[in-house]
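Enquirer: Here it is, the structure, as structure tokens.
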Number of protein chains: 2
Amino acid sequence: MGRAKSQASYLEQALRADGVRITRQRTALLKVLAEAKDHPDANELHSRAREIDPTMSLATVYRTLTALEQQGLVHRHVFEGASARFEIADARHHDHIIDIDKGEIIEFRSPEIERLQEQIAERHGYEIVSHKLELYCRKKAT
Amino acid sequence: MGRAKSQASYLEQALRADGVRITRQRTALLKVLAEAKDHPDANELHSRAREIDPTMSLATVYRTLTALEQQGLVHRHVFEGASARFEIADARHHDHIIDIDKGEIIEFRSPEIERLQEQIAERHGYEIVSHKLELYCRKKAT
DNA sequence: TTTACTGCAAATACTTTGCAATGGG
DNA sequence: CCCATTGCAAAGTATTTGCAGTAAA
């Protein structure tokens, strides 16, 4: 819980530094984001934030998320056939396994794949600005 | 051109085999798909097909694409912040580099990365049903 | 002839935006 | 006190769908 709290205040600092005002609604959303262990969508974040501040509107959730995303503080993931999901930007980049039955998201990291990606881009005369690797999976029968 | 023509009639065969009727509109769309060297979206396919059959509606484009996708004959790609793009399903799987300045799409293949993906899924107790690897790139300054 | 397919317009689903009121700094 | 931010409702996008008419096979 210390983790979540400090993460939230870190985000506030970062926003404030950019001349952004910390409102009641934003404090609530940041708290919800910092405490989320899953990858909630805007609607889910709205419900959770409403429990802290019932005046919070969905529009504000979207506006704040967009702002946070533009500062690079939050990542927006658009998985197949679903609405966008959000998570606090982590220092260490990771990709996702999507459990197509349960909708669960599992994070993973593969420096080895990243290296290969760089090589491929290089080979085509490009430099990677961002990338997306998603594995749509099903639990193994076994 | 022979390539495109035979590809189109192959798709017709495959559809027909499934009890799907080959209409004037569908013939036009299949032709357009087979001739496309890029990755057009529904709207673009609609414009191109209209030149062959002006009665073609956007709804029919979407309906036919959905049908083709369900038969596995066409792939739908949803790149960041853009509408879905379609291409005839290729025998050999490939992933994409997206030129974020020009919007161009470059295809590439990496059996090495595929192998690593399998390992990762395996390690988490999953089997991959499908995956998506997209490199959002910018031409190198050199 | 049968019934899958079509165009059209309306419906979705998610996200963004205009506006007047509110409140953070 | 000023202007960024808010809630609300309306507007956007991209895609899907209901319906009555049309046309493959």
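Note on naming: chains are A, B, ... as they come in the structure tokens, residues start from 1 per chain, ligands start from 1 in the order shown.
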Residues of chain B were defined as contacting chain A if any atom lay at most 12 Å from it, counting only C-alpha atoms; please report them as a PyMOL selection string.

Expert: chain B and resi 76-82+84+95-101+105-142

Enquirer: Output the contact residues of chain D with respect to chain B at a cut-off of 9 Å, based on only C-alpha atoms (C1' of nucleotides), as a list in words.

Expert: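 The selection requested is DA14, DT15, DT16, DA23, DA24 and DA25 of chain D.
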
Enquirer: Save out the residues we just selected, N, CA and C atoms (P, O5', C5', C4', C3', O3' and C1' of nucleotides), as a CSV table (one decimal), in the first residue's frame.

Expert:
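Output contents, as saved in again.csv:
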```
chain,number,residue,atom,x,y,z
D,14,DA,P,-12.9,6.9,-38.5
D,14,DA,O5',-13.3,5.4,-38.1
D,14,DA,C5',-12.8,4.8,-36.9
D,14,DA,C4',-13.5,3.5,-36.7
D,14,DA,C3',-13.7,2.7,-37.9
D,14,DA,O3',-13.4,1.3,-37.6
D,14,DA,C1',-15.8,3.1,-36.9
D,15,DT,P,-13.4,0.2,-38.6
D,15,DT,O5',-14.8,-0.5,-38.3
D,15,DT,C5',-15.0,-1.0,-37.0
D,15,DT,C4',-16.4,-1.4,-36.8
D,15,DT,C3',-16.9,-2.5,-37.8
D,15,DT,O3',-17.2,-3.6,-37.0
D,15,DT,C1',-18.6,-0.8,-37.4
D,16,DT,P,-17.9,-4.9,-37.6
D,16,DT,O5',-19.4,-4.7,-37.2
D,16,DT,C5',-19.7,-4.5,-35.9
D,16,DT,C4',-21.2,-4.4,-35.7
D,16,DT,C3',-22.0,-5.6,-36.3
D,16,DT,O3',-22.9,-6.0,-35.3
D,16,DT,C1',-22.9,-3.5,-37.0
D,23,DA,P,-31.9,-6.9,-58.6
D,23,DA,O5',-31.1,-8.2,-58.3
D,23,DA,C5',-30.0,-8.2,-57.5
D,23,DA,C4',-29.5,-9.7,-57.2
D,23,DA,C3',-29.5,-10.5,-58.5
D,23,DA,O3',-28.5,-11.5,-58.3
D,23,DA,C1',-31.0,-11.5,-57.1
D,24,DA,P,-27.2,-11.5,-59.2
D,24,DA,O5',-26.3,-12.4,-58.2
D,24,DA,C5',-26.1,-13.7,-58.6
D,24,DA,C4',-26.0,-14.5,-57.3
D,24,DA,C3',-25.8,-16.0,-57.8
D,24,DA,O3',-25.0,-16.6,-56.9
D,24,DA,C1',-28.0,-15.8,-56.9
D,25,DA,P,-24.1,-17.8,-57.4
D,25,DA,O5',-25.1,-19.1,-57.3
D,25,DA,C5',-25.5,-19.5,-56.0
D,25,DA,C4',-26.5,-20.7,-56.2
D,25,DA,C3',-26.2,-21.6,-57.3
D,25,DA,O3',-26.4,-23.0,-56.9
D,25,DA,C1',-28.4,-20.8,-57.7
```

Enquirer: Looking only at strand (DSSP E or B) from DSSP on the backbone, list the matching residues of stretch 1-102 of chain A as a list in words.

Expert: Asp41, Val74, His75, Arg76, His77, Arg85, Phe86, Glu87, Ile88, Asp95, His96, Ile97, Ile98 and Asp99 of chain A

Enquirer: Could you dump the residues just selected with N, CA, C and O atoms as a PDB file, in the first residue's frame?

Expert:
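As a result, result.pdb now contains:
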```pdb
ATOM      1  N   ASP A  41     -10.300  -0.795 -17.779  1.00  0.00           N
ATOM      2  CA  ASP A  41     -10.651   0.127 -18.859  1.00  0.00           C
ATOM      3  C   ASP A  41     -11.243   1.395 -18.238  1.00  0.00           C
ATOM      4  O   ASP A  41     -11.398   1.477 -17.023  1.00  0.00           O
ATOM      5  N   VAL A  74       1.139   7.189 -18.149  1.00  0.00           N
ATOM      6  CA  VAL A  74       0.201   6.074 -18.218  1.00  0.00           C
ATOM      7  C   VAL A  74       0.247   5.474 -19.615  1.00  0.00           C
ATOM      8  O   VAL A  74       0.478   6.186 -20.595  1.00  0.00           O
ATOM      9  N   HIS A  75       0.110   4.166 -19.687  1.00  0.00           N
ATOM     10  CA  HIS A  75       0.055   3.514 -20.996  1.00  0.00           C
ATOM     11  C   HIS A  75      -1.365   3.088 -21.305  1.00  0.00           C
ATOM     12  O   HIS A  75      -2.086   2.628 -20.430  1.00  0.00           O
ATOM     13  N   ARG A  76      -1.739   3.250 -22.582  1.00  0.00           N
ATOM     14  CA  ARG A  76      -3.058   2.844 -23.060  1.00  0.00           C
ATOM     15  C   ARG A  76      -2.869   1.626 -23.955  1.00  0.00           C
ATOM     16  O   ARG A  76      -2.122   1.666 -24.918  1.00  0.00           O
ATOM     17  N   HIS A  77      -3.519   0.536 -23.628  1.00  0.00           N
ATOM     18  CA  HIS A  77      -3.425  -0.659 -24.460  1.00  0.00           C
ATOM     19  C   HIS A  77      -4.769  -0.958 -25.094  1.00  0.00           C
ATOM     20  O   HIS A  77      -5.777  -1.015 -24.418  1.00  0.00           O
ATOM     21  N   ARG A  85      -7.429  -0.285 -22.305  1.00  0.00           N
ATOM     22  CA  ARG A  85      -7.126  -0.543 -20.901  1.00  0.00           C
ATOM     23  C   ARG A  85      -5.911   0.286 -20.536  1.00  0.00           C
ATOM     24  O   ARG A  85      -5.058   0.546 -21.373  1.00  0.00           O
ATOM     25  N   PHE A  86      -5.851   0.681 -19.248  1.00  0.00           N
ATOM     26  CA  PHE A  86      -4.798   1.597 -18.838  1.00  0.00           C
ATOM     27  C   PHE A  86      -3.980   1.047 -17.676  1.00  0.00           C
ATOM     28  O   PHE A  86      -4.473   0.290 -16.856  1.00  0.00           O
ATOM     29  N   GLU A  87      -2.720   1.469 -17.644  1.00  0.00           N
ATOM     30  CA  GLU A  87      -1.878   1.109 -16.497  1.00  0.00           C
ATOM     31  C   GLU A  87      -0.809   2.179 -16.336  1.00  0.00           C
ATOM     32  O   GLU A  87      -0.408   2.825 -17.300  1.00  0.00           O
ATOM     33  N   ILE A  88      -0.366   2.346 -15.104  1.00  0.00           N
ATOM     34  CA  ILE A  88       0.689   3.313 -14.827  1.00  0.00           C
ATOM     35  C   ILE A  88       1.943   2.879 -15.571  1.00  0.00           C
ATOM     36  O   ILE A  88       2.301   1.706 -15.580  1.00  0.00           O
ATOM     37  N   ASP A  95       5.548  -6.577 -22.254  1.00  0.00           N
ATOM     38  CA  ASP A  95       4.497  -6.890 -23.215  1.00  0.00           C
ATOM     39  C   ASP A  95       3.432  -7.724 -22.521  1.00  0.00           C
ATOM     40  O   ASP A  95       3.516  -7.938 -21.319  1.00  0.00           O
ATOM     41  N   HIS A  96       2.420  -8.170 -23.290  1.00  0.00           N
ATOM     42  CA  HIS A  96       1.280  -8.835 -22.650  1.00  0.00           C
ATOM     43  C   HIS A  96       0.842 -10.153 -23.261  1.00  0.00           C
ATOM     44  O   HIS A  96       0.832 -10.306 -24.482  1.00  0.00           O
ATOM     45  N   ILE A  97       0.462 -11.045 -22.377  1.00  0.00           N
ATOM     46  CA  ILE A  97      -0.239 -12.256 -22.776  1.00  0.00           C
ATOM     47  C   ILE A  97      -1.696 -11.974 -22.431  1.00  0.00           C
ATOM     48  O   ILE A  97      -1.983 -11.505 -21.326  1.00  0.00           O
ATOM     49  N   ILE A  98      -2.609 -12.192 -23.382  1.00  0.00           N
ATOM     50  CA  ILE A  98      -4.025 -11.992 -23.104  1.00  0.00           C
ATOM     51  C   ILE A  98      -4.705 -13.357 -23.058  1.00  0.00           C
ATOM     52  O   ILE A  98      -4.697 -14.096 -24.039  1.00  0.00           O
ATOM     53  N   ASP A  99      -5.269 -13.694 -21.931  1.00  0.00           N
ATOM     54  CA  ASP A  99      -5.997 -14.954 -21.785  1.00  0.00           C
ATOM     55  C   ASP A  99      -7.351 -14.756 -22.465  1.00  0.00           C
ATOM     56  O   ASP A  99      -8.220 -14.070 -21.939  1.00  0.00           O
TER      57      ASP A  99
END
```

Enquirer: With a cut-off of 10 Å and counting only C-alpha atoms (C1' of nucleotides), select all residues of chain C in contact with chain A and give the selection as a tab-separated table (two decimals) with N, CA, C and O atoms (P, O5', C5', C4', C3', O3' and C1' of nucleotides), in the first residue's frame.

Expert:
```tsv
chain	number	residue	atom	x	y	z
C	13	DA	P	-24.00	-1.58	-27.34
C	13	DA	O5'	-22.46	-1.24	-27.43
C	13	DA	C5'	-21.66	-1.81	-28.45
C	13	DA	C4'	-20.31	-1.14	-28.40
C	13	DA	C3'	-19.95	-0.65	-27.00
C	13	DA	O3'	-18.59	-0.92	-26.75
C	13	DA	C1'	-19.93	1.17	-28.51
C	14	DC	P	-18.01	-0.70	-25.24
C	14	DC	O5'	-16.95	0.47	-25.48
C	14	DC	C5'	-16.00	0.32	-26.53
C	14	DC	C4'	-15.51	1.67	-26.95
C	14	DC	C3'	-14.91	2.51	-25.80
C	14	DC	O3'	-13.58	2.80	-26.17
C	14	DC	C1'	-16.34	3.82	-27.18
C	15	DT	P	-12.57	3.41	-25.11
C	15	DT	O5'	-12.63	4.94	-25.58
C	15	DT	C5'	-12.39	5.21	-26.96
C	15	DT	C4'	-12.69	6.65	-27.28
C	15	DT	C3'	-12.08	7.66	-26.31
C	15	DT	O3'	-11.14	8.43	-27.04
C	15	DT	C1'	-14.33	8.21	-26.89
C	16	DT	P	-10.41	9.69	-26.42
C	16	DT	O5'	-11.28	10.89	-26.99
C	16	DT	C5'	-11.52	10.96	-28.38
C	16	DT	C4'	-12.36	12.18	-28.70
C	16	DT	C3'	-11.84	13.50	-28.13
C	16	DT	O3'	-11.91	14.45	-29.18
C	16	DT	C1'	-14.09	13.20	-27.54
C	17	DT	P	-11.27	15.92	-29.01
C	17	DT	O5'	-12.51	16.93	-29.16
C	17	DT	C5'	-13.76	16.44	-29.53
C	17	DT	C4'	-14.83	17.51	-29.32
C	17	DT	C3'	-14.37	18.87	-28.79
C	17	DT	O3'	-15.22	19.86	-29.34
C	17	DT	C1'	-15.87	17.90	-27.26
C	23	DG	P	-17.35	23.88	-6.73
C	23	DG	O5'	-15.77	23.94	-6.92
C	23	DG	C5'	-15.08	22.96	-7.69
C	23	DG	C4'	-13.62	23.35	-7.74
C	23	DG	C3'	-13.07	23.83	-6.41
C	23	DG	O3'	-11.69	23.55	-6.38
C	23	DG	C1'	-12.88	25.55	-7.93
C	24	DG	P	-11.08	22.56	-5.35
C	24	DG	O5'	-9.56	22.51	-5.81
C	24	DG	C5'	-9.24	22.11	-7.11
C	24	DG	C4'	-8.01	22.81	-7.65
C	24	DG	C3'	-6.86	23.08	-6.67
C	24	DG	O3'	-5.66	22.86	-7.39
C	24	DG	C1'	-7.62	25.14	-7.55
C	25	DG	P	-4.26	22.85	-6.63
C	25	DG	O5'	-3.67	24.30	-6.86
C	25	DG	C5'	-3.30	24.70	-8.16
C	25	DG	C4'	-2.74	26.11	-8.11
C	25	DG	C3'	-1.77	26.36	-6.96
C	25	DG	O3'	-0.73	27.22	-7.40
C	25	DG	C1'	-3.54	27.88	-6.83
```

Enquirer: Would you mind reading off the distance between atom CA of A:Leu29 and atom CA of A:Ser9, one decimal, in Å?

Expert: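 For atom CA of A:Leu29 relative to atom CA of A:Ser9, the distance reads 11.7 Å.
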
Enquirer: Report as a ChimeraX atom specification: the residues of chain A with a DSSP assignment of alpha helix (DSSP H), based on the backbone of this structure.

Expert: /A:2-17,24-35,42-52,58-70,111-123

Enquirer: Atom CA of B:Pro40 and atom CA of B:Asp90, how far apart in Å?

Expert: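 Calculated distance between atom CA of B:Asp90 and atom CA of B:Pro40 is 15.5 Å.
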
Enquirer: Quick check, in Å to one decimal: how far apart do atom CA of A:Asp18 and atom CA of A:Thr60 lie?

Expert: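 It comes out at 18.1 Å.
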
Enquirer: Quick one: residues within 10 Å of D:DA10, only C-alpha atoms (C1' of nucleotides) counted, chain neighbours fewer than 2 positions away excluded, as a list in words?

Expert: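 Everything that qualifies: DT17 and DG18 of chain C; DC8 and DG12 of chain D.
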
Enquirer: Just N, CA, C and O atoms (P, O5', C5', C4', C3', O3' and C1' of nucleotides) for this one: save the residues we selected as a PDB file, in the first residue's frame.

Expert:
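Here's the written file selection_39.pdb:
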```pdb
ATOM      1  P    DT C  17     -11.273  15.920 -29.008  1.00  0.00           P
ATOM      2  O5'  DT C  17     -12.506  16.929 -29.161  1.00  0.00           O
ATOM      3  C5'  DT C  17     -13.759  16.437 -29.529  1.00  0.00           C
ATOM      4  C4'  DT C  17     -14.830  17.506 -29.317  1.00  0.00           C
ATOM      5  C3'  DT C  17     -14.370  18.866 -28.793  1.00  0.00           C
ATOM      6  O3'  DT C  17     -15.216  19.858 -29.344  1.00  0.00           O
ATOM      7  C1'  DT C  17     -15.866  17.903 -27.260  1.00  0.00           C
ATOM      8  P    DG C  18     -14.751  21.429 -29.364  1.00  0.00           P
ATOM      9  O5'  DG C  18     -16.109  22.188 -29.023  1.00  0.00           O
ATOM     10  C5'  DG C  18     -17.342  21.845 -29.683  1.00  0.00           C
ATOM     11  C4'  DG C  18     -18.506  22.516 -28.972  1.00  0.00           C
ATOM     12  C3'  DG C  18     -18.209  23.911 -28.451  1.00  0.00           C
ATOM     13  O3'  DG C  18     -19.402  24.696 -28.559  1.00  0.00           O
ATOM     14  C1'  DG C  18     -18.654  22.459 -26.615  1.00  0.00           C
TER      15       DG C  18
ATOM     16  P    DC D   8     -23.311  14.872 -14.006  1.00  0.00           P
ATOM     17  O5'  DC D   8     -23.975  15.392 -15.358  1.00  0.00           O
ATOM     18  C5'  DC D   8     -24.500  16.730 -15.419  1.00  0.00           C
ATOM     19  C4'  DC D   8     -24.772  17.118 -16.858  1.00  0.00           C
ATOM     20  C3'  DC D   8     -25.328  15.981 -17.724  1.00  0.00           C
ATOM     21  O3'  DC D   8     -26.635  16.307 -18.178  1.00  0.00           O
ATOM     22  C1'  DC D   8     -23.586  17.160 -18.844  1.00  0.00           C
ATOM     23  P    DG D  12     -20.267  16.761 -35.267  1.00  0.00           P
ATOM     24  O5'  DG D  12     -19.418  15.439 -35.380  1.00  0.00           O
ATOM     25  C5'  DG D  12     -19.276  14.616 -34.252  1.00  0.00           C
ATOM     26  C4'  DG D  12     -17.838  14.177 -34.159  1.00  0.00           C
ATOM     27  C3'  DG D  12     -17.426  13.327 -35.357  1.00  0.00           C
ATOM     28  O3'  DG D  12     -16.023  13.427 -35.549  1.00  0.00           O
ATOM     29  C1'  DG D  12     -17.768  11.959 -33.429  1.00  0.00           C
TER      30       DG D  12
END
```

Enquirer: List as number ranges by chain the protein and nucleic acid residues near B:Arg48, meaning an atom at most 12 Å away when only C-alpha atoms (C1' of nucleotides) are counted, but skip any in the same chain fewer than 2 places from it.

Expert: B: 25, 28-36, 40-46, 50-54, 56-58, 61
